[in-house]
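K.L.:
So that you have it, the file is run35.txt, and it contains compact mmCIF, C-alpha atoms:
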```txt
# COMPACT_ATOMS: atom_id res chain seq x y z
CA PRO R 28 72.74 -11.60 62.57
CA ARG R 29 69.80 -11.96 60.18
CA TYR R 30 70.73 -13.95 57.12
CA CYS R 31 69.15 -15.91 54.31
CA ILE R 32 70.00 -18.94 52.22
CA PHE R 33 71.32 -18.05 48.76
CA SER R 34 70.98 -20.20 45.66
CA ARG R 35 73.61 -20.73 42.97
CA LEU R 36 70.99 -19.69 40.44
CA ARG R 37 71.83 -16.30 38.98
CA THR R 38 68.55 -14.71 40.03
CA MET R 39 65.79 -15.87 42.33
CA LYS R 40 63.44 -14.55 44.98
CA LEU R 41 64.02 -15.54 48.56
CA PHE R 42 62.07 -14.99 51.72
CA LEU R 43 63.90 -13.71 54.78
CA LEU R 44 62.25 -13.75 58.19
CA ALA R 45 63.64 -10.70 59.96
CA ALA R 46 62.18 -9.06 63.05
CA ALA R 47 59.00 -11.11 62.50
CA VAL R 48 58.44 -9.50 59.08
CA LEU R 49 58.52 -11.54 55.88
CA VAL R 50 60.72 -9.68 53.42
CA VAL R 51 61.30 -10.56 49.77
CA VAL R 52 64.96 -10.24 48.79
CA VAL R 53 66.00 -10.43 45.13
CA ILE R 54 69.29 -12.29 44.89
CA SER R 55 71.77 -12.34 42.01
CA GLY R 56 75.25 -13.82 41.94
CA PRO R 57 76.81 -17.23 42.31
CA THR R 58 77.42 -17.33 46.05
CA GLU R 59 75.26 -18.66 48.84
CA ILE R 60 74.94 -18.70 52.59
CA ALA R 61 75.04 -22.05 54.32
CA THR R 62 74.87 -22.41 58.11
CA PHE R 63 77.13 -24.73 60.10
CA LYS R 64 76.54 -25.55 63.78
CA GLY R 65 78.50 -27.66 66.26
CA THR R 66 82.03 -28.06 67.57
CA TYR R 67 85.01 -26.87 65.55
CA ARG R 68 85.44 -30.32 64.02
CA ASP R 69 81.69 -30.62 63.45
CA VAL R 70 81.46 -27.40 61.42
CA GLY R 71 84.56 -28.31 59.43
CA LEU R 72 83.15 -31.74 58.62
CA GLN R 73 79.78 -30.27 57.63
CA GLU R 74 81.49 -27.63 55.51
CA GLY R 75 83.65 -30.21 53.77
CA LYS R 76 80.67 -32.38 52.92
CA ARG R 77 78.51 -29.44 51.83
CA PHE R 78 81.18 -27.99 49.54
CA LYS R 79 82.91 -31.24 48.59
CA ALA R 80 82.66 -30.63 44.85
CA ASP R 81 84.00 -27.05 45.18
CA ILE R 82 86.91 -28.13 47.39
CA GLN R 83 87.81 -31.01 45.10
CA GLU R 84 87.72 -28.63 42.14
CA ARG R 85 90.06 -26.28 44.03
CA MET R 86 92.38 -29.21 44.72
CA SER R 87 92.68 -29.87 40.97
CA TRP R 88 94.23 -26.49 40.10
CA SER R 89 97.76 -26.14 38.78
CA ASP R 90 99.29 -24.96 42.08
CA ILE R 91 98.33 -28.25 43.79
CA GLU R 92 100.87 -30.22 41.77
CA PHE R 93 103.60 -27.90 43.00
CA LEU R 94 102.44 -28.17 46.63
CA SER R 95 102.17 -31.96 46.39
CA LYS R 96 105.70 -32.27 45.05
CA LEU R 97 106.96 -29.84 47.69
CA LEU R 98 105.42 -31.98 50.43
CA ASN R 99 107.46 -34.93 49.20
CA THR R 100 110.76 -33.11 49.76
CA THR R 101 112.70 -32.61 52.98
CA GLU R 102 112.27 -28.85 52.66
CA GLY R 103 108.52 -29.20 52.19
CA GLN R 104 108.18 -31.49 55.19
CA ASN R 105 110.12 -29.01 57.30
CA ILE R 106 107.80 -26.17 56.18
CA TYR R 107 104.74 -28.28 56.96
CA ASN R 108 106.00 -29.49 60.35
CA THR R 109 107.16 -26.02 61.44
CA PHE R 110 103.91 -24.23 60.65
CA TYR R 111 101.64 -27.09 61.71
CA THR R 112 103.33 -27.22 65.11
CA THR R 113 103.00 -23.44 65.58
CA SER R 114 99.36 -23.48 64.49
CA ASN R 115 98.54 -26.39 66.77
CA HIS R 116 100.26 -24.68 69.71
CA HIS R 117 98.23 -21.49 69.40
CA PHE R 118 94.95 -22.57 67.80
CA PRO R 119 94.32 -26.34 67.84
CA GLN R 120 90.60 -25.64 67.46
CA TYR R 121 91.10 -24.16 63.99
CA LEU R 122 93.16 -27.17 62.96
CA ASP R 123 90.23 -29.30 64.13
CA GLN R 124 88.01 -27.25 61.85
CA LEU R 125 90.42 -27.52 58.90
CA ASN R 126 91.02 -31.24 59.35
CA GLY R 127 87.26 -31.78 59.62
CA MET R 128 86.85 -29.92 56.33
CA ALA R 129 89.46 -32.14 54.67
CA ASP R 130 87.79 -35.29 55.96
CA GLY R 131 84.34 -34.12 54.87
CA ALA R 132 85.57 -33.25 51.39
CA GLY R 133 87.64 -36.40 51.04
CA VAL R 134 90.93 -34.60 50.42
CA ASP R 135 94.38 -35.00 51.96
CA ARG R 136 94.76 -33.16 55.28
CA LYS R 137 98.40 -32.22 54.74
CA LEU R 138 97.77 -30.88 51.27
CA LEU R 139 94.80 -28.80 52.40
CA PHE R 140 96.95 -27.34 55.18
CA MET R 141 99.56 -26.38 52.56
CA VAL R 142 96.84 -24.64 50.52
CA ASN R 143 95.95 -22.61 53.62
CA ILE R 144 99.54 -21.47 54.21
CA GLN R 145 100.29 -20.37 50.65
CA ASN R 146 100.89 -16.80 51.85
CA GLU R 147 103.98 -18.14 53.61
CA ILE R 148 104.98 -20.66 50.95
CA ASP R 149 104.91 -17.93 48.29
CA ILE R 150 107.63 -16.10 50.23
CA ILE R 151 109.76 -19.19 50.85
CA LYS R 152 109.28 -20.90 47.48
CA PRO R 153 107.86 -18.62 44.78
CA HIS R 154 106.48 -20.68 41.89
CA VAL R 155 105.00 -20.06 38.46
CA ASN R 156 101.83 -22.10 38.99
CA ARG R 157 100.57 -20.10 41.96
CA ILE R 158 96.99 -18.81 41.85
CA LYS R 159 96.38 -15.09 41.52
CA THR R 160 96.68 -13.52 44.96
CA ARG R 161 93.48 -12.50 46.72
CA THR R 162 93.86 -8.72 46.75
CA CYS R 163 91.41 -6.06 47.87
CA CYS R 164 90.54 -2.40 48.27
CA ASP R 165 89.10 -0.67 51.36
CA ILE R 166 87.74 2.84 51.93
CA MET R 167 86.64 4.09 55.35
CA THR R 168 85.00 7.49 55.67
CA LYS R 169 83.79 9.81 58.41
CA ALA R 170 84.03 12.79 56.06
CA GLY R 171 80.28 13.19 55.72
CA PRO R 172 77.29 13.13 58.06
CA GLN R 173 77.38 9.30 58.28
CA ARG R 174 80.07 6.67 58.62
CA HIS R 175 80.51 4.19 55.78
CA TRP R 176 83.00 1.51 54.82
CA GLY R 177 83.43 -0.16 51.44
CA HIS R 178 85.50 -3.16 50.40
CA ASN R 179 86.20 -4.77 47.02
CA GLU R 180 87.04 -8.48 47.26
CA ASP R 181 89.44 -9.17 44.39
CA GLY R 182 90.90 -12.54 43.46
CA ASP R 183 91.62 -15.16 40.84
CA GLU R 184 88.70 -15.39 38.41
CA LYS R 185 88.70 -19.18 38.91
CA PHE R 186 87.20 -18.63 42.38
CA ARG R 187 83.93 -17.45 40.82
CA GLY R 188 81.29 -19.98 41.78
CA ILE R 189 83.37 -21.69 44.49
CA ASP R 190 83.42 -18.74 46.88
CA SER R 191 80.48 -18.19 49.21
CA LEU R 192 79.05 -16.48 52.27
CA ARG R 193 78.80 -18.85 55.24
CA HIS R 194 77.41 -18.57 58.77
CA TYR R 195 79.01 -20.38 61.71
CA GLU R 196 77.70 -21.15 65.20
CA ILE R 197 80.43 -22.97 67.12
CA TYR R 198 79.85 -24.58 70.50
CA ASP R 199 82.11 -25.96 73.19
CA GLY R 200 82.18 -29.73 72.98
CA HIS R 201 81.75 -30.22 76.73
CA SER R 202 79.63 -27.40 78.13
CA LYS R 203 77.74 -26.78 74.86
CA ASN R 204 78.28 -23.04 75.39
CA LEU R 205 78.35 -20.88 72.28
CA ARG R 206 81.98 -20.04 71.46
CA GLU R 207 81.68 -18.21 68.14
CA ASN R 208 78.85 -16.81 66.01
CA PHE R 209 79.84 -15.09 62.76
CA THR R 210 79.33 -14.77 59.01
CA SER R 211 82.21 -14.79 56.53
CA TYR R 212 82.87 -14.79 52.79
CA VAL R 213 84.95 -17.94 52.28
CA TYR R 214 87.03 -19.44 49.48
CA ALA R 215 86.71 -23.16 48.76
CA GLY R 216 89.06 -25.19 50.94
CA MET R 217 90.10 -22.22 53.07
CA LEU R 218 89.42 -21.35 56.69
CA PRO R 219 87.23 -18.25 57.13
CA GLY R 220 89.10 -14.96 57.58
CA ASN R 221 90.77 -14.34 54.23
CA ALA R 222 88.10 -11.99 52.91
CA PHE R 223 85.35 -10.10 54.81
CA GLY R 224 82.58 -10.76 57.30
CA TRP R 225 81.16 -9.88 60.70
CA ASN R 226 80.18 -11.08 64.15
CA ASN R 227 77.76 -9.41 66.57
CA VAL R 228 80.16 -6.63 67.61
CA LEU R 229 82.55 -6.16 64.66
CA ALA R 230 82.80 -6.02 60.88
CA LEU R 231 86.11 -7.18 59.42
CA SER R 232 88.10 -7.50 56.21
CA THR R 233 91.61 -8.51 55.17
CA ASN R 234 94.02 -6.97 52.65
CA ALA R 235 96.89 -9.05 51.31
CA LEU R 236 100.34 -7.50 51.76
CA PHE R 237 103.59 -8.82 50.33
CA PRO R 238 106.61 -8.79 52.63
CA THR R 239 109.65 -10.37 50.98
CA TYR R 240 110.95 -12.03 54.14
CA ILE R 241 109.45 -14.50 56.58
CA TYR R 242 109.55 -15.18 60.31
CA MET R 243 109.68 -18.96 60.51
CA LYS R 244 108.77 -18.99 64.21
CA GLY R 245 105.58 -17.09 63.47
CA LEU R 246 101.98 -18.13 62.95
CA PRO R 247 100.62 -18.60 59.41
CA ARG R 248 98.43 -15.64 58.54
CA ILE R 249 95.21 -17.55 57.87
CA PHE R 250 95.03 -18.77 61.49
CA LEU R 251 95.27 -15.27 62.91
CA ASN R 252 92.74 -13.97 60.38
CA ARG R 253 90.41 -16.79 61.41
CA HIS R 254 90.94 -15.97 65.10
CA MET R 255 89.84 -12.36 64.66
CA TYR R 256 86.25 -13.50 64.08
CA SER R 257 86.17 -14.71 67.69
CA ALA R 258 86.89 -11.21 69.05
CA LYS R 259 84.39 -9.90 71.60
CA SER R 260 85.41 -6.24 71.34
CA PHE R 261 87.09 -3.71 69.08
CA GLU R 262 90.13 -3.53 71.36
CA GLU R 263 90.50 -7.31 71.39
CA ALA R 264 90.35 -7.53 67.60
CA VAL R 265 93.00 -4.79 67.19
CA ALA R 266 95.29 -6.61 69.64
CA MET R 267 94.75 -9.90 67.80
CA CYS R 268 96.22 -8.43 64.61
CA HIS R 269 99.76 -8.80 65.89
CA ALA R 270 99.67 -11.42 68.65
CA PRO R 271 100.86 -14.09 68.40
CA PRO R 272 103.61 -12.89 66.01
CA LEU R 273 102.99 -13.65 62.34
CA ALA R 274 105.16 -15.48 59.84
CA SER R 275 104.08 -13.16 57.00
CA GLY R 276 101.87 -10.04 56.91
CA PHE R 277 98.51 -8.48 56.07
CA ALA R 278 96.32 -5.45 56.73
CA GLY R 279 93.29 -5.89 58.95
CA ASN R 280 90.30 -3.54 58.63
CA ILE R 281 88.08 -3.42 61.73
CA VAL R 282 84.86 -1.55 62.39
CA ALA R 283 83.17 -1.47 65.81
CA LEU R 284 79.41 -1.79 65.45
CA PHE R 285 78.59 -0.13 68.78
CA ASP R 286 81.00 2.80 69.23
CA ARG R 287 81.57 3.03 65.45
CA ARG R 288 85.35 3.23 65.50
CA MET R 289 87.17 2.34 62.27
CA VAL R 290 90.79 1.24 61.99
CA THR R 291 93.26 -0.37 59.59
CA THR R 292 96.27 -2.17 61.04
CA GLU R 293 99.29 -3.11 58.94
CA VAL R 294 101.18 -6.16 60.20
CA ALA R 295 104.62 -7.42 59.16
CA PRO R 296 106.50 -10.65 59.91
CA SER R 297 107.32 -11.15 63.63
CA GLY R 298 104.32 -9.03 64.69
CA VAL R 299 105.71 -5.58 63.90
CA HIS R 300 102.70 -3.38 63.22
CA ASP R 301 101.28 0.09 62.74
CA GLN R 302 97.72 1.31 62.47
CA LYS R 303 95.55 4.20 61.37
CA GLU R 304 92.19 5.01 62.92
CA THR R 305 89.82 7.11 60.84
CA PRO R 306 89.25 10.40 62.73
CA GLU R 307 86.07 12.45 62.58
CA GLY R 308 85.80 14.43 59.37
CA ALA R 309 88.33 12.29 57.54
CA TYR R 310 88.68 9.16 55.41
CA HIS R 311 91.38 6.76 54.28
CA PHE R 312 92.13 4.15 51.62
CA HIS R 313 94.00 0.86 51.79
CA MET R 314 94.94 -1.51 48.99
CA ASN R 315 97.73 -4.13 48.91
CA ASN R 316 100.94 -2.23 49.56
CA TYR R 317 102.30 -1.15 52.93
CA LEU R 318 101.47 2.54 53.35
CA TRP R 319 102.82 3.39 56.80
CA MET R 320 105.48 0.77 57.51
CA LYS R 321 108.90 0.85 55.89
CA ILE R 322 109.67 -2.83 55.47
CA LYS R 323 111.04 -5.02 52.70
CA SER R 324 108.05 -5.83 50.53
CA ARG R 325 107.01 -6.44 46.95
CA ASN R 326 105.33 -3.52 45.23
CA ASP R 327 101.91 -4.49 43.89
CA THR R 328 101.53 -2.61 40.60
CA SER R 329 97.74 -2.73 40.62
CA SER R 330 97.63 -1.29 44.15
CA PHE R 331 99.89 1.59 43.13
CA TYR R 332 97.57 2.61 40.30
CA ARG R 333 94.34 1.91 42.17
CA LEU R 334 95.47 4.12 45.06
CA LYS R 335 96.66 6.83 42.68
CA ARG R 336 93.28 6.89 40.94
CA ALA R 337 91.32 6.84 44.23
CA LYS R 338 93.21 9.92 45.44
CA GLN R 339 92.26 11.79 42.25
CA MET R 340 88.54 11.33 42.88
CA PRO R 341 86.27 13.49 45.06
CA VAL R 342 86.40 13.00 48.82
CA PRO R 343 83.95 10.18 49.64
CA LYS R 344 81.38 11.71 52.00
CA SER R 345 78.68 9.07 51.53
CA TRP R 346 78.23 5.48 50.39
CA GLN R 347 77.72 6.68 46.82
CA GLY R 348 81.06 8.48 47.01
CA ILE R 349 82.73 5.25 48.12
CA ALA R 350 80.85 3.23 45.47
CA ASP R 351 82.01 5.63 42.75
CA ILE R 352 85.60 4.85 43.75
CA LEU R 353 85.19 1.09 44.24
CA GLY R 354 83.43 0.83 40.87
CA ASP R 355 85.84 3.06 38.93
CA THR R 356 87.25 1.73 35.64
CA LYS R 357 88.82 4.88 34.14
CA ASN R 358 92.33 3.36 34.16
CA LYS R 359 91.75 0.63 31.57
CA GLN R 360 94.97 -1.20 32.40
CA TRP R 361 94.70 -1.08 36.20
CA PRO R 362 91.05 -0.38 37.10
CA ILE R 363 89.86 -0.24 40.70
CA TYR R 364 86.90 -2.47 39.79
CA ARG R 365 88.88 -5.28 38.20
CA ASN R 366 87.87 -7.34 35.16
CA GLY R 367 90.73 -9.79 34.56
CA ALA R 368 91.98 -8.09 31.37
CA PRO R 369 95.75 -7.75 30.72
CA PRO R 370 97.98 -6.57 32.26
CA ASP R 371 95.88 -7.25 35.39
CA THR R 372 95.40 -10.71 33.96
CA GLY R 373 93.03 -13.12 35.65
CA VAL R 374 92.19 -10.94 38.68
CA VAL R 375 88.58 -9.83 39.02
CA THR R 376 86.42 -8.14 41.62
CA LEU R 377 84.43 -11.07 43.00
CA ALA R 378 82.21 -9.10 45.37
CA SER R 379 81.84 -5.70 47.04
CA TYR R 380 80.92 -5.16 50.67
CA HIS R 381 79.30 -2.03 52.13
CA VAL R 382 78.91 -1.47 55.85
CA ASP R 383 76.58 1.35 56.87
CA VAL R 384 78.29 1.83 60.22
CA ASP R 385 75.72 4.11 61.86
CA ASN R 386 72.84 1.75 61.08
CA ALA R 387 74.82 -1.51 61.50
CA MET R 388 73.78 -2.81 58.08
CA ALA R 389 75.84 -4.77 55.54
CA TYR R 390 75.17 -4.94 51.80
CA ILE R 391 76.74 -7.40 49.36
CA TYR R 392 77.18 -6.64 45.66
CA TYR R 393 78.08 -9.09 42.90
CA THR R 394 77.98 -6.39 40.22
CA ASN R 395 79.71 -3.02 40.06
CA PRO R 396 78.56 -1.10 43.18
CA LYS R 397 78.82 2.21 41.33
CA THR R 398 75.83 1.36 39.15
CA GLY R 399 74.42 -1.89 40.51
CA LYS R 400 72.12 -2.79 43.36
CA PRO R 401 73.02 -4.94 46.38
CA ALA R 402 72.25 -8.63 46.05
CA ALA R 403 71.48 -8.94 49.76
CA SER R 404 71.39 -6.94 52.98
CA PHE R 405 72.04 -8.00 56.58
CA ARG R 406 71.36 -6.45 59.96
CA LEU R 407 74.62 -6.82 61.92
CA LYS R 408 73.38 -6.38 65.48
```
Let me see the file written as structure tokens.
P.N.:
Amino acid sequence: PRYCIFSRLRTMKLFLLAAAVLVVVVISGPTEIATFKGTYRDVGLQEGKRFKADIQERMSWSDIEFLSKLLNTTEGQNIYNTFYTTSNHHFPQYLDQLNGMADGAGVDRKLLFMVNIQNEIDIIKPHVNRIKTRTCCDIMTKAGPQRHWGHNEDGDEKFRGIDSLRHYEIYDGHSKNLRENFTSYVYAGMLPGNAFGWNNVLALSTNALFPTYIYMKGLPRIFLNRHMYSAKSFEEAVAMCHAPPLASGFAGNIVALFDRRMVTTEVAPSGVHDQKETPEGAYHFHMNNYLWMKIKSRNDTSSFYRLKRAKQMPVPKSWQGIADILGDTKNKQWPIYRNGAPPDTGVVTLASYHVDVDNAMAYIYYTNPKTGKPAASFRLK
């Protein structure tokens, strides 16, 4: 994909070499794109060094004290050993990446692993010092003449400035063959996969879901979300959503860049799943509650009201129709475009992501997409 290097400065002009044409792109927003190349451990080490200050800041937040104390208990060691063993069995390469990141940033490997499995820990050991859950909103439409997909990336307001777009080119350590090539919006100290991004055949995003039970033999969610960026086809990515079986749950949104299929898959602990593909002439929404699966889960109040408001609005037949919904603030208590005000305290919309499916273009917004302009655009294939 074509990409450019962002600066942490609020506004600056950048030059992007795309298709042999020099294009001026006006950038605003706190995030950046950095490129990492090498083996899984290499890119993790580079990433840790590059974002050392951000990762160390993340490791100073209030939830870290809880995780550190938990690690020093028998229960905490059992949680760590169980999920580390499962992760290493299925995806040792992603542990190489994560451990490289810890080493590069100069933080404890075990503690960084615990940060990456908080989706599971929050089910096993709910605690008052947890960060605000990364929650999102997705709208896929084929209701108009063109296909469009929009995504709001919502999360704890403390992530502002330590979240960023990153590009990865990962090579086999022996043959030097290219294994993975993708771009992802990443939170400090986390593996890619928790937010949104793309490779050369797919665009992807993740919605948090909140099952109230756990499958201790399952894989932590972050490792499966990370794995989806290695998919070489739409069918492979859809299958990856539920295999190997998960410990917790999520919703995966997948768009095929070539045949333009669009699907959302809901996944529950143990790999139970259901999915909805957007048919021609139709559209669908997804927030952070299970919509199609009847499982034991926590109701997310914001999702209830965001979905209710979205259904009241006109059918989105274009990107502007989607942007009007993603940027809506009519419900002052539970707006779709979130601002951190009570009762939705501390949760903000960090970024918005538009995929023009027919033209294989992505646009990133750091202001309200209803009224703002994209900070950057990317050709996806």
K.L.:
Which residues are near Thr398 of chain R? Cut-off 12 Å, all atoms listed in the file, ignore same chain within fewer than 2 positions. Put them as an mmCIF file with C-alpha atoms, in the frame of the given file.
P.N.:
```cif
data_model
loop_
_atom_site.group_PDB
_atom_site.id
_atom_site.type_symbol
_atom_site.label_atom_id
_atom_site.label_comp_id
_atom_site.auth_asym_id
_atom_site.auth_seq_id
_atom_site.Cartn_x
_atom_site.Cartn_y
_atom_site.Cartn_z
ATOM 1 C CA GLN R 347 77.720 6.680 46.820
ATOM 2 C CA GLY R 348 81.060 8.480 47.010
ATOM 3 C CA ILE R 349 82.730 5.250 48.120
ATOM 4 C CA ALA R 350 80.850 3.230 45.470
ATOM 5 C CA ASP R 351 82.010 5.630 42.750
ATOM 6 C CA ILE R 352 85.600 4.850 43.750
ATOM 7 C CA LEU R 353 85.190 1.090 44.240
ATOM 8 C CA GLY R 354 83.430 0.830 40.870
ATOM 9 C CA ASP R 355 85.840 3.060 38.930
ATOM 10 C CA THR R 356 87.250 1.730 35.640
ATOM 11 C CA TYR R 364 86.900 -2.470 39.790
ATOM 12 C CA TYR R 392 77.180 -6.640 45.660
ATOM 13 C CA TYR R 393 78.080 -9.090 42.900
ATOM 14 C CA THR R 394 77.980 -6.390 40.220
ATOM 15 C CA ASN R 395 79.710 -3.020 40.060
ATOM 16 C CA PRO R 396 78.560 -1.100 43.180
ATOM 17 C CA LYS R 400 72.120 -2.790 43.360
ATOM 18 C CA PRO R 401 73.020 -4.940 46.380
#
```
K.L.:
If you measure from atom CA of Phe405 of chain R to atom CA of Asn204 of chain R, what distance in Å do you get, rounded to one decimal?
P.N.:
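Straight-line distance from atom CA of Phe405 of chain R to atom CA of Asn204 of chain R works out to 24.9 Å.
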K.L.:
Quick one: everything within 7 Å of Asp165 of chain R, counting only C-alpha atoms, minus sequence neighbours fewer than 3 positions away in the same chain. Send it as a ChimeraX atom specification.
P.N.:
/R:177-179,312-314
K.L.:
Just want the 9 Å neighbourhood of Gly373 of chain R, counted on all atoms listed in the file, with same-chain residues fewer than 3 positions away dropped. Output as a count of residues only.
P.N.:
10
K.L.:
May I ask for the distance between atom CA of Pro343 of chain R and atom CA of Val294 of chain R, given in Å to one decimal place?
P.N.:
26.0 Å
K.L.:
Can you tell me which residues surround Arg187 of chain R at a distance of at most 10 Å, considering all atoms listed in the file, apart from same-chain residues fewer than 2 positions away, and format the answer as a PDB file with C-alpha atoms, in the frame of the given file?
P.N.:
```
ATOM      1  CA  GLY R  56      75.250 -13.820  41.940  1.00  0.00           C
ATOM      2  CA  PRO R  57      76.810 -17.230  42.310  1.00  0.00           C
ATOM      3  CA  THR R  58      77.420 -17.330  46.050  1.00  0.00           C
ATOM      4  CA  GLY R 182      90.900 -12.540  43.460  1.00  0.00           C
ATOM      5  CA  ASP R 183      91.620 -15.160  40.840  1.00  0.00           C
ATOM      6  CA  GLU R 184      88.700 -15.390  38.410  1.00  0.00           C
ATOM      7  CA  LYS R 185      88.700 -19.180  38.910  1.00  0.00           C
ATOM      8  CA  ILE R 189      83.370 -21.690  44.490  1.00  0.00           C
ATOM      9  CA  ASP R 190      83.420 -18.740  46.880  1.00  0.00           C
ATOM     10  CA  SER R 191      80.480 -18.190  49.210  1.00  0.00           C
ATOM     11  CA  TYR R 214      87.030 -19.440  49.480  1.00  0.00           C
ATOM     12  CA  VAL R 375      88.580  -9.830  39.020  1.00  0.00           C
ATOM     13  CA  THR R 376      86.420  -8.140  41.620  1.00  0.00           C
ATOM     14  CA  LEU R 377      84.430 -11.070  43.000  1.00  0.00           C
ATOM     15  CA  ALA R 378      82.210  -9.100  45.370  1.00  0.00           C
TER      16      ALA R 378
END
```
K.L.:
Determine the nearest neighbour of Ala61 of chain R from the options R:Ile322, R:Leu138, R:Val282, R:Val213, counting all atoms listed in the file.
P.N.:
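Of the candidates, the smallest distance to Ala61 of chain R is held by R:Val213.
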K.L.:
Please provide the set of residues having any atom within 12 Å of Gly279 of chain R, restricted to only C-alpha atoms, with same-chain residues fewer than 3 positions apart removed, written as a short mmCIF file (atom, residue, chain, number, x, y, z; two decimals) with C-alpha atoms, in the coordinates of the input.
P.N.:
```
data_model
loop_
_atom_site.label_atom_id
_atom_site.label_comp_id
_atom_site.auth_asym_id
_atom_site.auth_seq_id
_atom_site.Cartn_x
_atom_site.Cartn_y
_atom_site.Cartn_z
CA CYS R 163 91.41 -6.06 47.87
CA CYS R 164 90.54 -2.40 48.27
CA ASP R 165 89.10 -0.67 51.36
CA HIS R 178 85.50 -3.16 50.40
CA GLY R 220 89.10 -14.96 57.58
CA ASN R 221 90.77 -14.34 54.23
CA ALA R 222 88.10 -11.99 52.91
CA PHE R 223 85.35 -10.10 54.81
CA GLY R 224 82.58 -10.76 57.30
CA ALA R 230 82.80 -6.02 60.88
CA LEU R 231 86.11 -7.18 59.42
CA SER R 232 88.10 -7.50 56.21
CA THR R 233 91.61 -8.51 55.17
CA ASN R 234 94.02 -6.97 52.65
CA ALA R 235 96.89 -9.05 51.31
CA LEU R 236 100.34 -7.50 51.76
CA ARG R 248 98.43 -15.64 58.54
CA ILE R 249 95.21 -17.55 57.87
CA LEU R 251 95.27 -15.27 62.91
CA ASN R 252 92.74 -13.97 60.38
CA ARG R 253 90.41 -16.79 61.41
CA MET R 255 89.84 -12.36 64.66
CA TYR R 256 86.25 -13.50 64.08
CA ALA R 264 90.35 -7.53 67.60
CA VAL R 265 93.00 -4.79 67.19
CA ALA R 266 95.29 -6.61 69.64
CA MET R 267 94.75 -9.90 67.80
CA CYS R 268 96.22 -8.43 64.61
CA HIS R 269 99.76 -8.80 65.89
CA GLY R 276 101.87 -10.04 56.91
CA VAL R 282 84.86 -1.55 62.39
CA MET R 289 87.17 2.34 62.27
CA VAL R 290 90.79 1.24 61.99
CA THR R 291 93.26 -0.37 59.59
CA THR R 292 96.27 -2.17 61.04
CA GLU R 293 99.29 -3.11 58.94
CA VAL R 294 101.18 -6.16 60.20
CA ALA R 295 104.62 -7.42 59.16
CA HIS R 300 102.70 -3.38 63.22
CA ASP R 301 101.28 0.09 62.74
CA GLN R 302 97.72 1.31 62.47
CA LYS R 303 95.55 4.20 61.37
CA GLU R 304 92.19 5.01 62.92
CA HIS R 313 94.00 0.86 51.79
CA MET R 314 94.94 -1.51 48.99
CA ASN R 315 97.73 -4.13 48.91
CA TYR R 317 102.30 -1.15 52.93
#
```
K.L.:
So how many Å separate atom CA of Leu72 of chain R and atom CA of Thr100 of chain R, to one decimal?
P.N.:
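A separation of 29.0 Å between them.
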K.L.:
Using all atoms listed in the file for the distances, tell me which of R:Ala132, R:Ala309, R:Ala270, R:Ile150 is nearest to Lys79 of chain R.
P.N.:
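Using all atoms listed in the file, the shortest distance to Lys79 of chain R belongs to R:Ala132.
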K.L.:
Have a look at R:Leu94, R:Leu407, R:Met340, R:Leu229 and name the one nearest to Asp149 of chain R; count only C-alpha atoms.
P.N.:
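Closest candidate: R:Leu94.
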K.L.:
Generate N, CA, C and O atoms for segment 318-325 of chain R and emit them as a PDB file, keeping the file's coordinate frame.
P.N.:
```
ATOM      1  N   LEU R 318     101.538   1.092  53.483  1.00  0.00           N
ATOM      2  CA  LEU R 318     101.470   2.540  53.350  1.00  0.00           C
ATOM      3  C   LEU R 318     102.205   3.270  54.450  1.00  0.00           C
ATOM      4  O   LEU R 318     102.695   4.389  54.243  1.00  0.00           O
ATOM      5  N   TRP R 319     102.282   2.691  55.632  1.00  0.00           N
ATOM      6  CA  TRP R 319     102.820   3.390  56.800  1.00  0.00           C
ATOM      7  C   TRP R 319     104.085   2.733  57.345  1.00  0.00           C
ATOM      8  O   TRP R 319     104.818   3.368  58.085  1.00  0.00           O
ATOM      9  N   MET R 320     104.326   1.489  56.975  1.00  0.00           N
ATOM     10  CA  MET R 320     105.480   0.770  57.510  1.00  0.00           C
ATOM     11  C   MET R 320     106.562   0.645  56.442  1.00  0.00           C
ATOM     12  O   MET R 320     106.271   0.300  55.292  1.00  0.00           O
ATOM     13  N   LYS R 321     107.775   0.938  56.815  1.00  0.00           N
ATOM     14  CA  LYS R 321     108.900   0.850  55.890  1.00  0.00           C
ATOM     15  C   LYS R 321     109.591  -0.496  56.084  1.00  0.00           C
ATOM     16  O   LYS R 321     110.532  -0.647  56.869  1.00  0.00           O
ATOM     17  N   ILE R 322     109.082  -1.500  55.373  1.00  0.00           N
ATOM     18  CA  ILE R 322     109.670  -2.830  55.470  1.00  0.00           C
ATOM     19  C   ILE R 322     109.955  -3.344  54.064  1.00  0.00           C
ATOM     20  O   ILE R 322     109.470  -2.803  53.067  1.00  0.00           O
ATOM     21  N   LYS R 323     110.734  -4.402  53.988  1.00  0.00           N
ATOM     22  CA  LYS R 323     111.040  -5.020  52.700  1.00  0.00           C
ATOM     23  C   LYS R 323     109.787  -5.730  52.185  1.00  0.00           C
ATOM     24  O   LYS R 323     109.315  -6.675  52.806  1.00  0.00           O
ATOM     25  N   SER R 324     109.282  -5.253  51.056  1.00  0.00           N
ATOM     26  CA  SER R 324     108.050  -5.830  50.530  1.00  0.00           C
ATOM     27  C   SER R 324     108.018  -5.674  49.017  1.00  0.00           C
ATOM     28  O   SER R 324     108.706  -4.824  48.440  1.00  0.00           O
ATOM     29  N   ARG R 325     107.201  -6.514  48.386  1.00  0.00           N
ATOM     30  CA  ARG R 325     107.010  -6.440  46.950  1.00  0.00           C
ATOM     31  C   ARG R 325     105.970  -5.376  46.626  1.00  0.00           C
ATOM     32  O   ARG R 325     104.910  -5.340  47.221  1.00  0.00           O
TER      33      ARG R 325
END
```
